[in-house]
Amino acid sequence: MSRIESKAFRKKITTAEEAAKLIKHGTNVGFSGFTGAGYPKETPVALAKLMSEAHGRGEEFMIGCFTGASTAPELDGSLAEVDGISFRMPYQSDPIMRTKINAGISDYCDIHLSHSGPQTWAGTLGKLDTAVIEVTGITADGELIPSSSVGNNTTWIEAADQVILEVNSWQSIDLLGMHDIYEGVALPPNRVPIPLTHPGDRIGSTTMKIDPKKVVAVIETDDADRNSPFKPLDDESRMIAGHLLDFLTNEVKQGRLPKNLLPLQSGVGNIANAVLAGLLEGPFENLTSYTEVIQDGMVDLLDSGKMKVASATAFSLSPEYANKMNDNAAHYRDKIILRPQDISNHPEMIRRLGVIACNGLIEADIYGNVNSTHIMGSKMQNGIGGSGDFTRNAYISTFVTPSTAKGGAISAIVPMVSHHDHTEHDVQVIITEQGLADLRGLSPQKRAKVIIENCAHPLYKPMLQEYFDHAVKVANSQHTPHDLHQALSWHARFLDAGTMARS
Ligand code: COA
């Protein structure tokens with residue numbers, strides 16, 4: 001049976017090649033997609049071909065590419081490959097896209113995910129011309145059944161002049177009922193409280209509304225989402241997860257957290273997934289999650305009964321788990337809620353619910369400032385994503401990382417971060433395989449002691465202690481002691497010699 005029940009929409013069925021011709025050079029396109037889930041699979045590839053042909057004729061053809069967050073090779077990869085993206089926001093993790101950003105070919109506006117919708121509405125990112133949205137189906141009365149991510153879809157559909165829909169029959173039709181599309185967000189001064197007080201609350205509808213006049217093309221696809229599998233758990237990630245679980249256990253013991261904790265947010269990447277795996281073996285029951293993405297580890301927690309409900313904006317599942325979700329979407333429908341990212345990442349909700357945030361980092365400094373985005377100060381890795389939305393507003397904000405990178409040549413704990421994403425004011429707990437630094441209530445100098453002592457790798461611990469002692473002397477023990485001549489010397493040494501370690 002066709003996934004397009006509406007006759008009016010069926011009349012607009014065409015090919016991706018024809019649809020792509022409706023997108024013009026110099027325009028902005030809002031694509032669906034959040035991690036490797038729910039992104040359009042065929043229009044971007046067809047568009048990249050048109051761009052490549054235009055470039056071959058010596059013509060310009062680039063677009064502004066707006067998404068929910070990162071996507072997959074068919075979107076970021078194919079458009080970046082042909083130098084087709086002049087402007088990108090708000091988050092990416094594709095290797096080709098990253099290269100083009102760092103080569104200066106694509107301008108990248110790395111903003112908080114919760115800001116991407118409001119800034120589009122406000123017009124500060126330019127006019128949105130086209131929306132290309134993957135959906136699971138179209139109902140007889142012309143409403144859209146969302147697919148495996150919601151992201152910014154409702155914003156793109158409302159803000160764009162024209163909409164191209166990809167109806168993907170690979171997505172389970174049983175996703176209908178899993179989504180909660182709340183459309184009550186507004187720009188100031190018209191904002192009202194969002195009526196959500198528990199991660200499991202449903203405050204919107206299960207489908208997205210659309211003005212049919214805007215729909216210029218409908219394409220039928222049958223293509224799988226493309227997320228990478230998670231790395232198998234190693235000793236390092238198990239140790240990091242163990243330190244976090246011990247910390248949470250103690251918080252419960254001290255009466256600072258309820259027995260079932262508070263809603264958990266788990267960031268992207270393998271370590272965050274390992275933390276979820278740790279929770280599976282941990283003592284906590286009746287857990288809830290208020291987060292951005294549902295990873296494999298969260299599905300395991302739901303399966304085990306340890307977690308009751310998980311709220312997010314997208315799946316970020318390995319191929320194995322994505323297939324499992326497709327086969328059993330009806331079963332998960334009352335345990336998982338997918339919301340617009342305006343809601344999943346909303347500071348109001350994160351603060352009200354008291355979320356426990358857990359995100360990865362690239363480097364942290366001895367005073368607790370965190371760099372999540374830049375390698376050696378200059379090179380963009382992925383972007384800030386939702387880490388700022390959650391860290392700044394969390395009840396407890398934690399960061400997890402191995403203590404070294406690149407086989408030990410880089411210390412994740414440095415004298416001064418080479419780029420700031422999360423300041424010492426927002427970072428409460430840092431965890432490496434070496435241990436955990438609880439920074440709450442500590443002055444900068446006390447923070448430095450506990451970070452060096454508990455989190456630094458043994459190779460770098462004496463060097464960090466030496467820097468700190470020296471800085472205290474040079475700065476005459478002021479509030480946050482630094483020797484500005486040496487503060488970034490570790491990074492400079494790595495760039496010169498390929499290692500932060502002293503020979
Ligand atoms: N200096 C240089 N390179 C470093 C580094 C450092 N201090 N720390 C890590 N890296 C490199 C790794 O070697 C790896 O490189 P590779 O791809 O060439 O192998 C890469 O950065 C990713 O590191 P990895 O250890 O695999 O980490 P991860 O998958 O856990 O990701 C972040 C870590 C910080 C990149 C990731 O969490 C991120 O993008 N965070 C920002 C967005 C975010 O937090 N979103 C979630 C909000 S809900």
# chains A, B, ... in the order shown; residues from 1 in each chain; ligands from 1

call {"tool": "select_by_dssp", "arguments": {"residues": "stretch 334-398 of chain A", "states": "helix (DSSP H, G or I)", "output": "PyMOL selection string"}}
result
chain A and resi 341-344+347-353+387-393

call {"tool": "residues_near_ligand", "arguments": {"ligand": "ligand 1", "cutoff": "9 Å", "atoms": "only C-alpha atoms and all ligand atoms", "output": "ChimeraX atom specification"}}
result
/A:91-93,95,113,265-272,291-293,345,357-364,371-376,381-391,399-407,409-414,491

call {"tool": "select_by_dssp", "arguments": {"residues": "stretch 243-468 of chain A", "states": "strand (DSSP E or B)", "output": "ChimeraX atom specification"}}
result
/A:264-266,287-290,293-294,307-312,314-315,336-338,340,356-360,363-365,370-371,374-375,379-380,396-400,404-405,410-411,413-414,422,429-432,435-438

call {"tool": "closest_residue", "arguments": {"among": "A:Pro319, A:Gly30, A:Gly441, A:Gly377", "to": "A:Asp296", "atoms": "only C-alpha atoms"}}
result
A:Pro319

call {"tool": "residues_around", "arguments": {"residues": "stretch 31-35 of chain A", "least_positions_apart": "2", "cutoff": "8 Å", "atoms": "only C-alpha atoms", "output": "VMD selection string"}}
result
chain A and resid 29 37 to 40 65 to 72 131 to 134 149 to 153 156 227 313 to 316

call {"tool": "residues_around", "arguments": {"residues": "stretch 137-144 of chain A", "least_positions_apart": "3", "cutoff": "7 Å", "atoms": "only C-alpha atoms", "output": "PyMOL selection string"}}
result
chain A and resi 3-6+167+207-210

call {"tool": "residues_around", "arguments": {"residues": "stretch 448-458 of chain A", "least_positions_apart": "5", "cutoff": "10 Å", "atoms": "only C-alpha atoms", "output": "PyMOL selection string"}}
result
chain A and resi 364-368+401-404+408+411-415+429-439+442-443+463-465+468+480-481

call {"tool": "atom_distance", "arguments": {"atom1": "atom CA of A:Pro199", "atom2": "atom CA of A:Val370"}}
result
27.7 Å

call {"tool": "decode", "arguments": {"residues": "stretch 212-223 of chain A", "atoms": "all heavy atoms", "output": "CSV table (one decimal), in the first residue's frame"}}
result
chain,number,residue,atom,x,y,z
A,212,PRO,N,-0.4,22.5,1.8
A,212,PRO,CA,-0.2,21.7,0.6
A,212,PRO,C,0.3,22.5,-0.6
A,212,PRO,O,1.0,22.0,-1.5
A,212,PRO,CB,-1.5,21.0,0.3
A,212,PRO,CG,-2.5,21.7,1.2
A,212,PRO,CD,-1.8,22.4,2.3
A,213,LYS,N,-0.1,23.8,-0.6
A,213,LYS,CA,0.3,24.7,-1.7
A,213,LYS,C,1.9,24.8,-1.8
A,213,LYS,O,2.4,25.1,-2.8
A,213,LYS,CB,-0.3,26.1,-1.5
A,213,LYS,CG,-1.8,26.1,-1.8
A,213,LYS,CD,-2.4,27.5,-2.0
A,213,LYS,CE,-2.4,28.3,-0.8
A,213,LYS,NZ,-3.2,27.9,0.3
A,214,LYS,N,2.5,24.6,-0.6
A,214,LYS,CA,4.0,24.8,-0.6
A,214,LYS,C,4.7,23.6,-1.2
A,214,LYS,O,5.9,23.6,-1.6
A,214,LYS,CB,4.5,24.9,0.8
A,214,LYS,CG,4.4,26.3,1.4
A,214,LYS,CD,5.2,26.3,2.7
A,214,LYS,CE,5.1,27.7,3.4
A,214,LYS,NZ,5.9,27.7,4.6
A,215,VAL,N,4.0,22.4,-1.3
A,215,VAL,CA,4.7,21.2,-1.7
A,215,VAL,C,4.9,21.2,-3.2
A,215,VAL,O,3.9,21.1,-3.9
A,215,VAL,CB,3.9,20.0,-1.2
A,215,VAL,CG1,4.6,18.7,-1.6
A,215,VAL,CG2,3.8,20.0,0.3
A,216,VAL,N,6.1,21.2,-3.6
A,216,VAL,CA,6.4,21.3,-5.1
A,216,VAL,C,6.8,19.9,-5.6
A,216,VAL,O,6.8,19.7,-6.9
A,216,VAL,CB,7.5,22.3,-5.4
A,216,VAL,CG1,6.9,23.7,-5.2
A,216,VAL,CG2,8.7,22.1,-4.6
A,217,ALA,N,7.2,19.0,-4.8
A,217,ALA,CA,7.6,17.7,-5.3
A,217,ALA,C,7.5,16.6,-4.2
A,217,ALA,O,7.8,16.9,-3.0
A,217,ALA,CB,9.0,17.7,-5.8
A,218,VAL,N,7.1,15.4,-4.5
A,218,VAL,CA,7.0,14.3,-3.6
A,218,VAL,C,7.8,13.2,-4.2
A,218,VAL,O,7.6,12.8,-5.4
A,218,VAL,CB,5.6,13.9,-3.3
A,218,VAL,CG1,5.6,12.7,-2.3
A,218,VAL,CG2,4.8,15.0,-2.7
A,219,ILE,N,8.8,12.6,-3.5
A,219,ILE,CA,9.6,11.5,-4.0
A,219,ILE,C,9.4,10.3,-3.2
A,219,ILE,O,9.4,10.4,-1.9
A,219,ILE,CB,11.1,12.0,-4.0
A,219,ILE,CG1,11.2,13.2,-5.0
A,219,ILE,CG2,12.0,10.9,-4.4
A,219,ILE,CD1,12.1,14.2,-4.4
A,220,GLU,N,9.3,9.2,-3.8
A,220,GLU,CA,9.2,7.9,-3.0
A,220,GLU,C,10.6,7.3,-2.9
A,220,GLU,O,11.3,7.1,-4.0
A,220,GLU,CB,8.2,7.0,-3.6
A,220,GLU,CG,6.8,7.5,-3.5
A,220,GLU,CD,5.8,6.6,-4.1
A,220,GLU,OE1,5.8,6.6,-5.4
A,220,GLU,OE2,5.0,6.0,-3.4
A,221,THR,N,11.0,6.9,-1.7
A,221,THR,CA,12.4,6.3,-1.5
A,221,THR,C,12.2,5.0,-0.7
A,221,THR,O,11.1,4.8,-0.1
A,221,THR,CB,13.4,7.2,-0.8
A,221,THR,OG1,12.9,7.4,0.5
A,221,THR,CG2,13.5,8.6,-1.5
A,222,ASP,N,13.2,4.2,-0.7
A,222,ASP,CA,13.2,3.1,0.2
A,222,ASP,C,14.7,2.8,0.6
A,222,ASP,O,15.3,1.8,0.3
A,222,ASP,CB,12.7,1.9,-0.6
A,222,ASP,CG,12.5,0.6,0.3
A,222,ASP,OD1,12.4,0.8,1.6
A,222,ASP,OD2,12.5,-0.5,-0.2
A,223,ASP,N,15.2,3.8,1.3
A,223,ASP,CA,16.6,3.7,1.7
A,223,ASP,C,16.9,3.8,3.2
A,223,ASP,O,16.2,4.5,3.9
A,223,ASP,CB,17.4,4.9,1.1
A,223,ASP,CG,17.2,5.0,-0.4
A,223,ASP,OD1,17.3,4.0,-1.1
A,223,ASP,OD2,16.8,6.1,-0.9
